[in-house]
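Participant: Just coords-v3.pdb, nothing more (PDB, C-alpha atoms, pLDDT in the B column):
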ATOM      1  CA  MET A  29      -5.509  14.322   2.613  1.00 47.00           C
ATOM      2  CA  GLY A  30      -8.267  14.187   5.235  1.00 52.00           C
ATOM      3  CA  GLY A  31     -11.647  12.530   5.254  1.00 55.00           C
ATOM      4  CA  PRO A  32     -13.098   9.245   6.434  1.00 59.00           C
ATOM      5  CA  THR A  33     -10.801   7.140   4.254  1.00 84.00           C
ATOM      6  CA  THR A  34      -7.660   8.670   5.718  1.00 85.00           C
ATOM      7  CA  GLU A  35      -9.019   8.446   9.252  1.00 91.00           C
ATOM      8  CA  ALA A  36      -9.773   4.760   8.773  1.00 94.00           C
ATOM      9  CA  LEU A  37      -6.300   4.217   7.326  1.00 96.00           C
ATOM     10  CA  VAL A  38      -4.651   5.964  10.272  1.00 96.00           C
ATOM     11  CA  LEU A  39      -6.701   3.895  12.711  1.00 97.00           C
ATOM     12  CA  ALA A  40      -5.843   0.658  10.917  1.00 97.00           C
ATOM     13  CA  ALA A  41      -2.172   1.642  10.822  1.00 97.00           C
ATOM     14  CA  GLY A  42      -2.208   2.362  14.543  1.00 97.00           C
ATOM     15  CA  VAL A  43      -3.755  -1.033  15.251  1.00 98.00           C
ATOM     16  CA  TRP A  44      -1.178  -2.690  12.992  1.00 98.00           C
ATOM     17  CA  GLY A  45       1.598  -0.880  14.837  1.00 98.00           C
ATOM     18  CA  ALA A  46       0.228  -1.933  18.215  1.00 97.00           C
ATOM     19  CA  LEU A  47      -0.069  -5.568  17.163  1.00 97.00           C
ATOM     20  CA  THR A  48       3.403  -5.738  15.637  1.00 97.00           C
ATOM     21  CA  GLY A  49       4.951  -3.722  18.468  1.00 97.00           C
ATOM     22  CA  ALA A  50       3.588  -6.218  20.967  1.00 95.00           C
ATOM     23  CA  LEU A  51       5.584  -8.925  19.178  1.00 95.00           C
ATOM     24  CA  LEU A  52       8.924  -7.093  19.399  1.00 96.00           C
ATOM     25  CA  PRO A  53       9.988  -7.498  23.065  1.00 94.00           C
ATOM     26  CA  ARG A  54      11.403 -10.998  22.650  1.00 93.00           C
ATOM     27  CA  ALA A  55      13.470 -10.012  19.630  1.00 95.00           C
ATOM     28  CA  ALA A  56      14.647  -6.856  21.430  1.00 94.00           C
ATOM     29  CA  TYR A  57      15.707  -8.943  24.406  1.00 93.00           C
ATOM     30  CA  ARG A  58      17.452 -11.640  22.379  1.00 93.00           C
ATOM     31  CA  PHE A  59      19.309  -9.192  20.112  1.00 95.00           C
ATOM     32  CA  SER A  60      20.420  -7.020  23.064  1.00 93.00           C
ATOM     33  CA  ALA A  61      23.676  -8.890  23.557  1.00 92.00           C
ATOM     34  CA  PRO A  62      26.969  -6.958  23.790  1.00 89.00           C
ATOM     35  CA  HIS A  63      29.427  -7.085  20.899  1.00 87.00           C
ATOM     36  CA  GLY A  64      31.197 -10.387  20.652  1.00 86.00           C
ATOM     37  CA  GLU A  65      28.517 -12.309  22.515  1.00 90.00           C
ATOM     38  CA  PRO A  66      25.932 -14.614  20.926  1.00 92.00           C
ATOM     39  CA  TRP A  67      22.293 -13.652  20.829  1.00 93.00           C
ATOM     40  CA  ARG A  68      20.564 -14.315  24.100  1.00 91.00           C
ATOM     41  CA  ASP A  69      18.890 -17.705  24.301  1.00 88.00           C
ATOM     42  CA  ARG A  70      18.202 -17.865  28.045  1.00 85.00           C
ATOM     43  CA  CYS A  71      15.765 -15.913  30.176  1.00 80.00           C
ATOM     44  CA  PRO A  72      17.134 -13.023  32.295  1.00 76.00           C
ATOM     45  CA  ALA A  73      17.515 -15.331  35.283  1.00 72.00           C
ATOM     46  CA  GLY A  74      19.364 -17.850  33.088  1.00 70.00           C
ATOM     47  CA  ALA A  75      17.072 -20.597  34.276  1.00 71.00           C
ATOM     48  CA  HIS A  76      14.984 -21.251  31.171  1.00 80.00           C
ATOM     49  CA  PRO A  77      15.544 -21.239  27.402  1.00 86.00           C
ATOM     50  CA  VAL A  78      13.939 -18.505  25.293  1.00 86.00           C
ATOM     51  CA  ARG A  79      12.767 -19.869  21.977  1.00 84.00           C
ATOM     52  CA  GLY A  80      11.547 -18.028  18.930  1.00 89.00           C
ATOM     53  CA  TRP A  81      11.922 -14.351  18.103  1.00 93.00           C
ATOM     54  CA  LEU A  82       8.423 -12.896  18.375  1.00 92.00           C
ATOM     55  CA  GLY A  83       6.358 -12.395  21.484  1.00 89.00           C
ATOM     56  CA  GLY A  84       7.084 -11.572  25.122  1.00 78.00           C
ATOM     57  CA  ASP A  85      10.602 -10.864  26.313  1.00 69.00           C
ATOM     58  CA  GLY A  86      10.919 -13.841  28.642  1.00 61.00           C
ATOM     59  CA  CYS A  87       9.781 -17.400  28.977  1.00 62.00           C
ATOM     60  CA  GLY A  88       6.457 -18.526  30.357  1.00 61.00           C
ATOM     61  CA  GLU A  89       8.035 -19.630  33.617  1.00 60.00           C
ATOM     62  CA  CYS A  90       9.542 -16.173  34.198  1.00 61.00           C
ATOM     63  CA  ARG A  91       6.283 -14.396  33.430  1.00 59.00           C
ATOM     64  CA  ARG A  92       4.421 -16.637  35.840  1.00 57.00           C
ATOM     65  CA  GLY A  93       7.132 -16.027  38.423  1.00 53.00           C
ATOM     66  CA  ALA A  94       6.838 -12.267  37.942  1.00 50.00           C
ATOM     67  CA  ARG A  95       3.101 -12.448  38.581  1.00 46.00           C
ATOM     68  CA  THR A  96       3.751 -14.292  41.844  1.00 43.00           C
ATOM     69  CA  GLY A  97       6.494 -11.922  42.945  1.00 44.00           C
ATOM     70  CA  ALA A  98       9.645 -13.760  41.772  1.00 40.00           C
ATOM     71  CA  ARG A  99      11.307 -10.680  40.355  1.00 41.00           C
ATOM     72  CA  GLU A 100      14.591 -12.402  39.558  1.00 41.00           C
ATOM     73  CA  GLY A 101      12.972 -13.640  36.341  1.00 41.00           C
ATOM     74  CA  SER A 102      11.951 -10.194  35.187  1.00 40.00           C
ATOM     75  CA  PRO A 103      13.701  -8.953  32.039  1.00 46.00           C
ATOM     76  CA  ARG A 104      16.286  -6.255  32.607  1.00 49.00           C
ATOM     77  CA  GLY A 105      17.648  -3.645  30.252  1.00 49.00           C
ATOM     78  CA  THR A 106      15.181  -3.886  27.388  1.00 58.00           C
ATOM     79  CA  PRO A 107      12.173  -1.677  26.679  1.00 65.00           C
ATOM     80  CA  SER A 108       8.880  -2.926  28.042  1.00 81.00           C
ATOM     81  CA  ALA A 109       6.212  -4.379  25.814  1.00 87.00           C
ATOM     82  CA  ALA A 110       4.018  -1.358  26.542  1.00 91.00           C
ATOM     83  CA  VAL A 111       6.692   1.075  25.331  1.00 94.00           C
ATOM     84  CA  LEU A 112       7.417  -0.863  22.146  1.00 95.00           C
ATOM     85  CA  THR A 113       3.702  -1.251  21.436  1.00 96.00           C
ATOM     86  CA  LEU A 114       2.969   2.439  21.943  1.00 97.00           C
ATOM     87  CA  VAL A 115       5.954   3.703  19.946  1.00 97.00           C
ATOM     88  CA  THR A 116       5.288   1.382  17.008  1.00 98.00           C
ATOM     89  CA  ALA A 117       1.589   2.302  16.978  1.00 98.00           C
ATOM     90  CA  LEU A 118       2.365   6.041  16.981  1.00 98.00           C
ATOM     91  CA  VAL A 119       4.986   5.725  14.248  1.00 98.00           C
ATOM     92  CA  CYS A 120       2.690   3.694  12.008  1.00 98.00           C
ATOM     93  CA  ALA A 121      -0.248   6.052  12.558  1.00 98.00           C
ATOM     94  CA  ALA A 122       1.912   9.093  11.779  1.00 98.00           C
ATOM     95  CA  LEU A 123       3.239   7.499   8.588  1.00 98.00           C
ATOM     96  CA  ALA A 124      -0.274   6.640   7.440  1.00 97.00           C
ATOM     97  CA  ALA A 125      -1.513  10.165   8.170  1.00 96.00           C
ATOM     98  CA  ALA A 126       1.342  11.693   6.177  1.00 96.00           C
ATOM     99  CA  THR A 127       1.260   9.272   3.248  1.00 96.00           C
ATOM    100  CA  GLY A 128      -2.431   8.619   2.824  1.00 94.00           C
ATOM    101  CA  ALA A 129      -3.725   5.793   0.649  1.00 92.00           C
ATOM    102  CA  ARG A 130      -0.733   5.720  -1.680  1.00 95.00           C
ATOM    103  CA  PRO A 131       1.067   2.462  -2.500  1.00 95.00           C
ATOM    104  CA  GLU A 132       4.182   3.317  -0.513  1.00 97.00           C
ATOM    105  CA  VAL A 133       2.246   3.442   2.752  1.00 97.00           C
ATOM    106  CA  GLY A 134       2.339  -0.358   2.799  1.00 96.00           C
ATOM    107  CA  VAL A 135       6.132  -0.233   2.591  1.00 98.00           C
ATOM    108  CA  TRP A 136       6.376   2.179   5.520  1.00 98.00           C
ATOM    109  CA  LEU A 137       4.080   0.062   7.656  1.00 98.00           C
ATOM    110  CA  LEU A 138       6.129  -3.057   6.987  1.00 98.00           C
ATOM    111  CA  LEU A 139       9.443  -1.357   7.737  1.00 98.00           C
ATOM    112  CA  ALA A 140       8.359   0.648  10.792  1.00 98.00           C
ATOM    113  CA  PRO A 141       8.386  -2.246  13.321  1.00 98.00           C
ATOM    114  CA  ALA A 142      11.889  -3.217  12.207  1.00 98.00           C
ATOM    115  CA  GLY A 143      13.026   0.374  12.695  1.00 98.00           C
ATOM    116  CA  VAL A 144      11.601   0.480  16.219  1.00 98.00           C
ATOM    117  CA  LEU A 145      13.316  -2.818  17.017  1.00 97.00           C
ATOM    118  CA  LEU A 146      16.661  -1.556  15.726  1.00 97.00           C
ATOM    119  CA  ALA A 147      16.398   1.604  17.814  1.00 97.00           C
ATOM    120  CA  ALA A 148      15.539  -0.386  20.939  1.00 96.00           C
ATOM    121  CA  VAL A 149      18.525  -2.704  20.552  1.00 96.00           C
ATOM    122  CA  ASP A 150      20.997   0.073  19.756  1.00 95.00           C
ATOM    123  CA  LEU A 151      19.857   2.147  22.721  1.00 93.00           C
ATOM    124  CA  ARG A 152      20.525  -0.771  25.027  1.00 92.00           C
ATOM    125  CA  VAL A 153      23.824  -2.226  23.805  1.00 92.00           C
ATOM    126  CA  ARG A 154      25.069   0.099  21.039  1.00 92.00           C
ATOM    127  CA  ARG A 155      24.733  -2.690  18.518  1.00 93.00           C
ATOM    128  CA  LEU A 156      22.861  -2.810  15.213  1.00 96.00           C
ATOM    129  CA  PRO A 157      22.604  -6.511  14.329  1.00 95.00           C
ATOM    130  CA  ASP A 158      23.342  -7.594  10.767  1.00 95.00           C
ATOM    131  CA  PRO A 159      20.252  -9.866  10.743  1.00 96.00           C
ATOM    132  CA  LEU A 160      18.208  -6.659  11.037  1.00 97.00           C
ATOM    133  CA  THR A 161      20.143  -3.949   9.188  1.00 97.00           C
ATOM    134  CA  LEU A 162      20.906  -5.895   6.017  1.00 97.00           C
ATOM    135  CA  PRO A 163      17.358  -7.249   5.469  1.00 97.00           C
ATOM    136  CA  PHE A 164      16.023  -3.768   6.303  1.00 98.00           C
ATOM    137  CA  ALA A 165      18.011  -2.234   3.433  1.00 97.00           C
ATOM    138  CA  ALA A 166      17.200  -5.053   1.014  1.00 97.00           C
ATOM    139  CA  ALA A 167      13.508  -5.014   1.908  1.00 98.00           C
ATOM    140  CA  ALA A 168      13.307  -1.239   1.563  1.00 98.00           C
ATOM    141  CA  LEU A 169      14.682  -1.309  -1.978  1.00 98.00           C
ATOM    142  CA  ALA A 170      12.693  -4.376  -3.029  1.00 98.00           C
ATOM    143  CA  LEU A 171       9.371  -3.156  -1.625  1.00 98.00           C
ATOM    144  CA  LEU A 172       9.827   0.336  -3.024  1.00 98.00           C
ATOM    145  CA  GLY A 173      10.627  -1.226  -6.385  1.00 97.00           C
ATOM    146  CA  LEU A 174       7.258  -2.984  -6.240  1.00 97.00           C
ATOM    147  CA  ALA A 175       5.512   0.211  -5.132  1.00 97.00           C
ATOM    148  CA  ALA A 176       7.014   2.010  -8.123  1.00 97.00           C
ATOM    149  CA  LEU A 177       5.125  -0.375 -10.417  1.00 96.00           C
ATOM    150  CA  LEU A 178       1.762   0.564  -8.916  1.00 95.00           C
ATOM    151  CA  PRO A 179      -0.368   3.531 -10.011  1.00 94.00           C
ATOM    152  CA  GLU A 180      -0.608   6.701  -7.898  1.00 91.00           C
ATOM    153  CA  HIS A 181       2.748   6.287  -6.176  1.00 94.00           C
ATOM    154  CA  THR A 182       4.568   9.563  -5.590  1.00 93.00           C
ATOM    155  CA  GLY A 183       8.187   8.481  -5.237  1.00 95.00           C
ATOM    156  CA  HIS A 184      11.170   7.736  -7.459  1.00 96.00           C
ATOM    157  CA  TRP A 185      12.863   4.365  -7.102  1.00 97.00           C
ATOM    158  CA  PRO A 186      16.134   5.212  -8.934  1.00 97.00           C
ATOM    159  CA  THR A 187      16.685   8.090  -6.505  1.00 98.00           C
ATOM    160  CA  ALA A 188      16.021   5.715  -3.619  1.00 98.00           C
ATOM    161  CA  LEU A 189      18.695   3.375  -4.973  1.00 98.00           C
ATOM    162  CA  CYS A 190      21.212   6.193  -5.435  1.00 98.00           C
ATOM    163  CA  ALA A 191      20.472   7.641  -1.996  1.00 98.00           C
ATOM    164  CA  ALA A 192      20.996   4.245  -0.386  1.00 98.00           C
ATOM    165  CA  GLY A 193      24.485   4.064  -1.862  1.00 97.00           C
ATOM    166  CA  ALA A 194      25.287   7.711  -1.164  1.00 97.00           C
ATOM    167  CA  LEU A 195      24.226   7.647   2.470  1.00 97.00           C
ATOM    168  CA  ALA A 196      26.027   4.360   3.107  1.00 97.00           C
ATOM    169  CA  ALA A 197      29.180   5.731   1.477  1.00 97.00           C
ATOM    170  CA  GLY A 198      29.019   8.938   3.506  1.00 97.00           C
ATOM    171  CA  HIS A 199      28.621   7.062   6.768  1.00 97.00           C
ATOM    172  CA  LEU A 200      31.426   4.698   5.753  1.00 97.00           C
ATOM    173  CA  VAL A 201      33.780   7.667   5.412  1.00 96.00           C
ATOM    174  CA  LEU A 202      32.779   8.846   8.885  1.00 94.00           C
ATOM    175  CA  HIS A 203      33.320   5.326  10.217  1.00 94.00           C
ATOM    176  CA  LEU A 204      36.810   5.162   8.742  1.00 95.00           C
ATOM    177  CA  LEU A 205      37.668   8.579  10.178  1.00 92.00           C
ATOM    178  CA  ASN A 206      36.250   7.850  13.636  1.00 88.00           C
ATOM    179  CA  PRO A 207      35.288   4.204  14.249  1.00 88.00           C
ATOM    180  CA  ASP A 208      34.373   4.914  17.874  1.00 82.00           C
ATOM    181  CA  GLY A 209      31.945   7.650  16.905  1.00 82.00           C
ATOM    182  CA  MET A 210      30.335   5.922  13.926  1.00 90.00           C
ATOM    183  CA  GLY A 211      29.938   2.152  14.053  1.00 91.00           C
ATOM    184  CA  PHE A 212      29.879  -0.077  11.004  1.00 94.00           C
ATOM    185  CA  GLY A 213      26.328  -1.050  11.914  1.00 94.00           C
ATOM    186  CA  ASP A 214      25.352   2.584  11.336  1.00 96.00           C
ATOM    187  CA  VAL A 215      26.856   2.344   7.858  1.00 97.00           C
ATOM    188  CA  LYS A 216      24.669  -0.639   7.001  1.00 97.00           C
ATOM    189  CA  LEU A 217      21.589   0.955   8.521  1.00 98.00           C
ATOM    190  CA  ALA A 218      22.257   4.107   6.472  1.00 97.00           C
ATOM    191  CA  ALA A 219      21.772   2.094   3.285  1.00 98.00           C
ATOM    192  CA  GLY A 220      18.214   1.302   4.340  1.00 97.00           C
ATOM    193  CA  THR A 221      17.372   4.768   5.623  1.00 98.00           C
ATOM    194  CA  GLY A 222      18.869   6.279   2.497  1.00 98.00           C
ATOM    195  CA  ALA A 223      16.575   4.181   0.331  1.00 98.00           C
ATOM    196  CA  VAL A 224      13.549   5.229   2.366  1.00 98.00           C
ATOM    197  CA  LEU A 225      14.431   8.923   2.257  1.00 98.00           C
ATOM    198  CA  GLY A 226      15.501   8.825  -1.378  1.00 98.00           C
ATOM    199  CA  TRP A 227      12.032   7.719  -2.421  1.00 98.00           C
ATOM    200  CA  TYR A 228      10.861  11.296  -1.878  1.00 97.00           C
ATOM    201  CA  GLY A 229      13.931  12.925  -3.390  1.00 96.00           C
ATOM    202  CA  TRP A 230      17.205  14.477  -2.341  1.00 97.00           C
ATOM    203  CA  SER A 231      15.530  17.179  -0.263  1.00 97.00           C
ATOM    204  CA  ALA A 232      14.115  14.461   2.004  1.00 97.00           C
ATOM    205  CA  VAL A 233      17.552  12.824   2.171  1.00 98.00           C
ATOM    206  CA  LEU A 234      19.186  16.085   3.242  1.00 97.00           C
ATOM    207  CA  LEU A 235      16.471  16.879   5.776  1.00 98.00           C
ATOM    208  CA  GLY A 236      16.494  13.411   7.311  1.00 97.00           C
ATOM    209  CA  THR A 237      20.287  13.308   7.517  1.00 97.00           C
ATOM    210  CA  PHE A 238      20.509  16.767   9.028  1.00 97.00           C
ATOM    211  CA  ALA A 239      17.821  15.909  11.587  1.00 97.00           C
ATOM    212  CA  ALA A 240      19.660  12.709  12.545  1.00 97.00           C
ATOM    213  CA  PHE A 241      22.965  14.463  13.229  1.00 95.00           C
ATOM    214  CA  LEU A 242      21.241  17.359  14.975  1.00 96.00           C
ATOM    215  CA  LEU A 243      19.347  15.030  17.314  1.00 94.00           C
ATOM    216  CA  GLY A 244      22.484  13.014  17.990  1.00 91.00           C
ATOM    217  CA  ALA A 245      24.463  16.171  18.750  1.00 89.00           C
ATOM    218  CA  LEU A 246      21.770  17.493  21.091  1.00 91.00           C
ATOM    219  CA  TYR A 247      21.652  14.172  22.936  1.00 88.00           C
ATOM    220  CA  GLY A 248      25.414  14.023  23.285  1.00 82.00           C
ATOM    221  CA  GLY A 249      25.534  17.645  24.422  1.00 83.00           C
ATOM    222  CA  ALA A 250      22.864  16.992  27.024  1.00 84.00           C
ATOM    223  CA  LEU A 251      24.881  14.067  28.402  1.00 82.00           C
ATOM    224  CA  VAL A 252      27.984  16.245  28.635  1.00 78.00           C
ATOM    225  CA  LEU A 253      26.090  19.027  30.422  1.00 83.00           C
ATOM    226  CA  ALA A 254      24.628  16.476  32.822  1.00 80.00           C
ATOM    227  CA  ARG A 255      28.175  15.141  33.387  1.00 73.00           C
ATOM    228  CA  ARG A 256      27.102  11.668  32.366  1.00 75.00           C
ATOM    229  CA  ALA A 257      29.581  11.646  29.475  1.00 67.00           C
ATOM    230  CA  ASP A 258      32.505  13.563  28.048  1.00 66.00           C
ATOM    231  CA  ARG A 259      33.262  14.714  24.519  1.00 63.00           C
ATOM    232  CA  LYS A 260      34.917  11.378  23.683  1.00 64.00           C
ATOM    233  CA  THR A 261      32.068   9.192  24.917  1.00 66.00           C
ATOM    234  CA  GLY A 262      30.354   7.260  22.139  1.00 69.00           C
ATOM    235  CA  VAL A 263      26.568   7.339  21.872  1.00 80.00           C
ATOM    236  CA  PRO A 264      24.258   5.042  19.917  1.00 90.00           C
ATOM    237  CA  PHE A 265      23.582   6.786  16.619  1.00 93.00           C
ATOM    238  CA  GLY A 266      21.058   4.309  15.216  1.00 95.00           C
ATOM    239  CA  PRO A 267      18.031   5.718  17.089  1.00 96.00           C
ATOM    240  CA  PHE A 268      18.834   9.231  15.882  1.00 97.00           C
ATOM    241  CA  LEU A 269      19.403   8.040  12.334  1.00 97.00           C
ATOM    242  CA  LEU A 270      15.999   6.386  12.437  1.00 98.00           C
ATOM    243  CA  ALA A 271      14.332   9.391  14.095  1.00 97.00           C
ATOM    244  CA  GLY A 272      15.801  11.715  11.484  1.00 97.00           C
ATOM    245  CA  THR A 273      14.628   9.347   8.768  1.00 98.00           C
ATOM    246  CA  LEU A 274      11.121   9.456  10.210  1.00 98.00           C
ATOM    247  CA  ALA A 275      11.190  13.263  10.207  1.00 97.00           C
ATOM    248  CA  GLY A 276      12.377  13.391   6.598  1.00 97.00           C
ATOM    249  CA  LEU A 277       9.899  10.731   5.554  1.00 97.00           C
ATOM    250  CA  LEU A 278       6.923  12.471   7.139  1.00 97.00           C
ATOM    251  CA  THR A 279       7.915  15.779   5.565  1.00 97.00           C
ATOM    252  CA  GLY A 280       8.478  14.197   2.167  1.00 96.00           C
ATOM    253  CA  ALA A 281       5.176  12.339   2.297  1.00 96.00           C
ATOM    254  CA  PHE A 282       3.224  15.455   3.244  1.00 94.00           C
ATOM    255  CA  ALA A 283       4.868  17.436   0.442  1.00 92.00           C
ATOM    256  CA  ALA A 284       4.436  14.752  -2.237  1.00 85.00           C
TER     257      ALA A 284
END
Could the structure of this file be written out as structure tokens, please?
Facilitator:
Amino acid sequence: MGGPTTEALVLAAGVWGALTGALLPRAAYRFSAPHGEPWRDRCPAGAHPVRGWLGGDGCGECRRGARTGAREGSPRGTPSAAVLTLVTALVCAALAAATGARPEVGVWLLLAPAGVLLAAVDLRVRRLPDPLTLPFAAAALALLGLAALLPEHTGHWPTALCAAGALAAGHLVLHLLNPDGMGFGDVKLAAGTGAVLGWYGWSAVLLGTFAAFLLGALYGGALVLARRADRKTGVPFGPFLLAGTLAGLLTGAFAA
């Protein structure tokens, strides 16, 4: 799947990821509100309103203050624009390299920034907002349904639909058994990741799910060994669910 066409696609995907990633900091900041609190609508210093959802993570006054040394207006607790830009660019480039010029690559590139945003918010406040998880699942199924109508696609939409329901149901059982260990936001996110993985079949679903739980277990174990948590401490599972989905998706795309 090499050649000039693929190289150009990977480059374009990386640029797309960088451009969209640069627009995520404000949404990451505004959505990073603890459970039970409204979305943030004031700058970190609380002095100015933050309007809109795309762009920088503060208001113009705070950014000007930061440049002149007024650090009280600097955002706290959310990933920097540089980190979000780099991660989104790398994810998009990797997806394009694995998928090539097949119709579903457009779906992956549209969903990738939302996945990065979800991971950033969950890492900060252990919250997966409904305004992100539910549209993510709906968009995944709708866009893959459109991709299935195009020639040269290599996935199977009915399997994507079934996997979305199966993965959501499985995570719901885990949520009911241990609500502190598996949040309901993870259940809703699993519907979207299940659809994405199911496009490439049940082997991709199993691989992505296994990778997610393995990464989550390794992270939790590392925290316990570092004495920063105990066995009952909850950890954000969304980033690992998304990372496992990326691993399964890349493998499925390469094998398709």
Participant: Which residues of range 175-252 of chain A sit at most 7 Å from range 161-168 of chain A, using only C-alpha atoms? Give each one's shortest atom pair and distance in Å (one decimal place), in chain and ascending residue order, as a Markdown table.
Facilitator:
| residue | atom | partner | partner_atom | distance |
| --- | --- | --- | --- | --- |
| A:Lys216 | CA | A:Thr161 | CA | 6.0 |
| A:Leu217 | CA | A:Thr161 | CA | 5.2 |
| A:Ala219 | CA | A:Ala165 | CA | 5.7 |
| A:Gly220 | CA | A:Ala165 | CA | 3.7 |
| A:Ala223 | CA | A:Ala168 | CA | 6.4 |
| A:Val224 | CA | A:Ala168 | CA | 6.5 |
Participant: For the residues in that selection, give me C-alpha atoms as a PDB file, in the frame of the given file.
Facilitator:
ATOM      1  CA  LYS A 216      24.669  -0.639   7.001  1.00 97.00           C
ATOM      2  CA  LEU A 217      21.589   0.955   8.521  1.00 98.00           C
ATOM      3  CA  ALA A 219      21.772   2.094   3.285  1.00 98.00           C
ATOM      4  CA  GLY A 220      18.214   1.302   4.340  1.00 97.00           C
ATOM      5  CA  ALA A 223      16.575   4.181   0.331  1.00 98.00           C
ATOM      6  CA  VAL A 224      13.549   5.229   2.366  1.00 98.00           C
TER       7      VAL A 224
END
Participant: So what does the PyMOL selection byres ((chain A and resi 112) around 12) actually pick up in this one, as number ranges by chain?
Facilitator: A: 45-57, 83-85, 106-111, 113-119, 140-149
Participant: Write out as number ranges by chain each polymer residue whose atoms come within 12 Å of Arg130 in chain A, counting all atoms listed in the file; drop sequence neighbours fewer than 4 positions from it.
Facilitator: A: 29, 33-34, 37, 123-126, 134-137, 172, 175-176, 178-183, 281-282, 284
Participant: May I ask for the distance between CA of Leu195 in chain A and CA of Trp230 in chain A, given in Å to one decimal place?
Facilitator: 10.9 Å
Participant: Would you list the contacts of Trp185 in chain A as a list of chain:residue names, taking every protein, DNA or RNA residue within 8 Å and counting only C-alpha atoms, but skipping same-chain residues closer than 4 positions in sequence?
Facilitator: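 Non-adjacent residues within range: A:Leu169, A:Leu172, A:Gly173, A:Ala176, A:Leu189, A:Gly226, A:Trp227.
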Participant: Report the residues retrieved by the PyMOL selection byres ((chain A and resi 280) around 9) from the displayed file, expressed as a PyMOL selection string.
Facilitator: chain A and resi 126-127+225+227-229+231-232+275-279+281-284
Participant: Can you write just those residues out, C-alpha atoms, as a CSV table (one decimal), in the frame of the given file?
Facilitator:
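Produced file again.csv, reproduced below:
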chain,number,residue,atom,x,y,z
A,126,ALA,CA,1.3,11.7,6.2
A,127,THR,CA,1.3,9.3,3.2
A,225,LEU,CA,14.4,8.9,2.3
A,227,TRP,CA,12.0,7.7,-2.4
A,228,TYR,CA,10.9,11.3,-1.9
A,229,GLY,CA,13.9,12.9,-3.4
A,231,SER,CA,15.5,17.2,-0.3
A,232,ALA,CA,14.1,14.5,2.0
A,275,ALA,CA,11.2,13.3,10.2
A,276,GLY,CA,12.4,13.4,6.6
A,277,LEU,CA,9.9,10.7,5.6
A,278,LEU,CA,6.9,12.5,7.1
A,279,THR,CA,7.9,15.8,5.6
A,281,ALA,CA,5.2,12.3,2.3
A,282,PHE,CA,3.2,15.5,3.2
A,283,ALA,CA,4.9,17.4,0.4
A,284,ALA,CA,4.4,14.8,-2.2
Participant: Take CA of Leu269 in chain A and CA of Ala240 in chain A and report the distance between them in Å, one decimal.
Facilitator: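 Straight-line distance from CA of Leu269 in chain A to CA of Ala240 in chain A works out to 4.7 Å.
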Participant: What's the separation between CA of Ala250 in chain A and CA of Gly266 in chain A, in Å to one decimal place?
Facilitator: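 CA of Gly266 in chain A lies 17.4 Å from CA of Ala250 in chain A.
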Participant: How would range 63-74 of chain A look with N, CA and C atoms restored, written as a PDB file, in the coordinates of the input?
Facilitator:
ATOM      1  N   HIS A  63      28.576  -6.671  22.016  1.00 87.00           N
ATOM      2  CA  HIS A  63      29.427  -7.085  20.899  1.00 87.00           C
ATOM      3  C   HIS A  63      30.286  -8.280  21.307  1.00 87.00           C
ATOM      4  N   GLY A  64      30.374  -9.220  20.407  1.00 86.00           N
ATOM      5  CA  GLY A  64      31.197 -10.387  20.652  1.00 86.00           C
ATOM      6  C   GLY A  64      30.488 -11.512  21.365  1.00 86.00           C
ATOM      7  N   GLU A  65      29.275 -11.265  21.840  1.00 90.00           N
ATOM      8  CA  GLU A  65      28.517 -12.309  22.515  1.00 90.00           C
ATOM      9  C   GLU A  65      27.401 -12.812  21.609  1.00 90.00           C
ATOM     10  N   PRO A  66      27.035 -14.085  21.748  1.00 92.00           N
ATOM     11  CA  PRO A  66      25.932 -14.614  20.926  1.00 92.00           C
ATOM     12  C   PRO A  66      24.606 -14.027  21.370  1.00 92.00           C
ATOM     13  N   TRP A  67      23.618 -14.135  20.475  1.00 93.00           N
ATOM     14  CA  TRP A  67      22.293 -13.652  20.829  1.00 93.00           C
ATOM     15  C   TRP A  67      21.782 -14.403  22.052  1.00 93.00           C
ATOM     16  N   ARG A  68      21.065 -13.710  22.869  1.00 91.00           N
ATOM     17  CA  ARG A  68      20.564 -14.315  24.100  1.00 91.00           C
ATOM     18  C   ARG A  68      19.601 -15.459  23.794  1.00 91.00           C
ATOM     19  N   ASP A  69      19.799 -16.568  24.477  1.00 88.00           N
ATOM     20  CA  ASP A  69      18.890 -17.705  24.301  1.00 88.00           C
ATOM     21  C   ASP A  69      18.393 -18.243  25.638  1.00 88.00           C
ATOM     22  N   ARG A  70      18.685 -17.496  26.721  1.00 85.00           N
ATOM     23  CA  ARG A  70      18.202 -17.865  28.045  1.00 85.00           C
ATOM     24  C   ARG A  70      17.435 -16.687  28.631  1.00 85.00           C
ATOM     25  N   CYS A  71      16.533 -16.961  29.519  1.00 80.00           N
ATOM     26  CA  CYS A  71      15.765 -15.913  30.176  1.00 80.00           C
ATOM     27  C   CYS A  71      16.693 -15.066  31.051  1.00 80.00           C
ATOM     28  N   PRO A  72      16.249 -13.880  31.502  1.00 76.00           N
ATOM     29  CA  PRO A  72      17.134 -13.023  32.295  1.00 76.00           C
ATOM     30  C   PRO A  72      17.730 -13.710  33.509  1.00 76.00           C
ATOM     31  N   ALA A  73      16.985 -14.612  34.126  1.00 72.00           N
ATOM     32  CA  ALA A  73      17.515 -15.331  35.283  1.00 72.00           C
ATOM     33  C   ALA A  73      18.465 -16.445  34.869  1.00 72.00           C
ATOM     34  N   GLY A  74      18.510 -16.777  33.573  1.00 70.00           N
ATOM     35  CA  GLY A  74      19.364 -17.850  33.088  1.00 70.00           C
ATOM     36  C   GLY A  74      18.842 -19.236  33.378  1.00 70.00           C
TER      37      GLY A  74
END
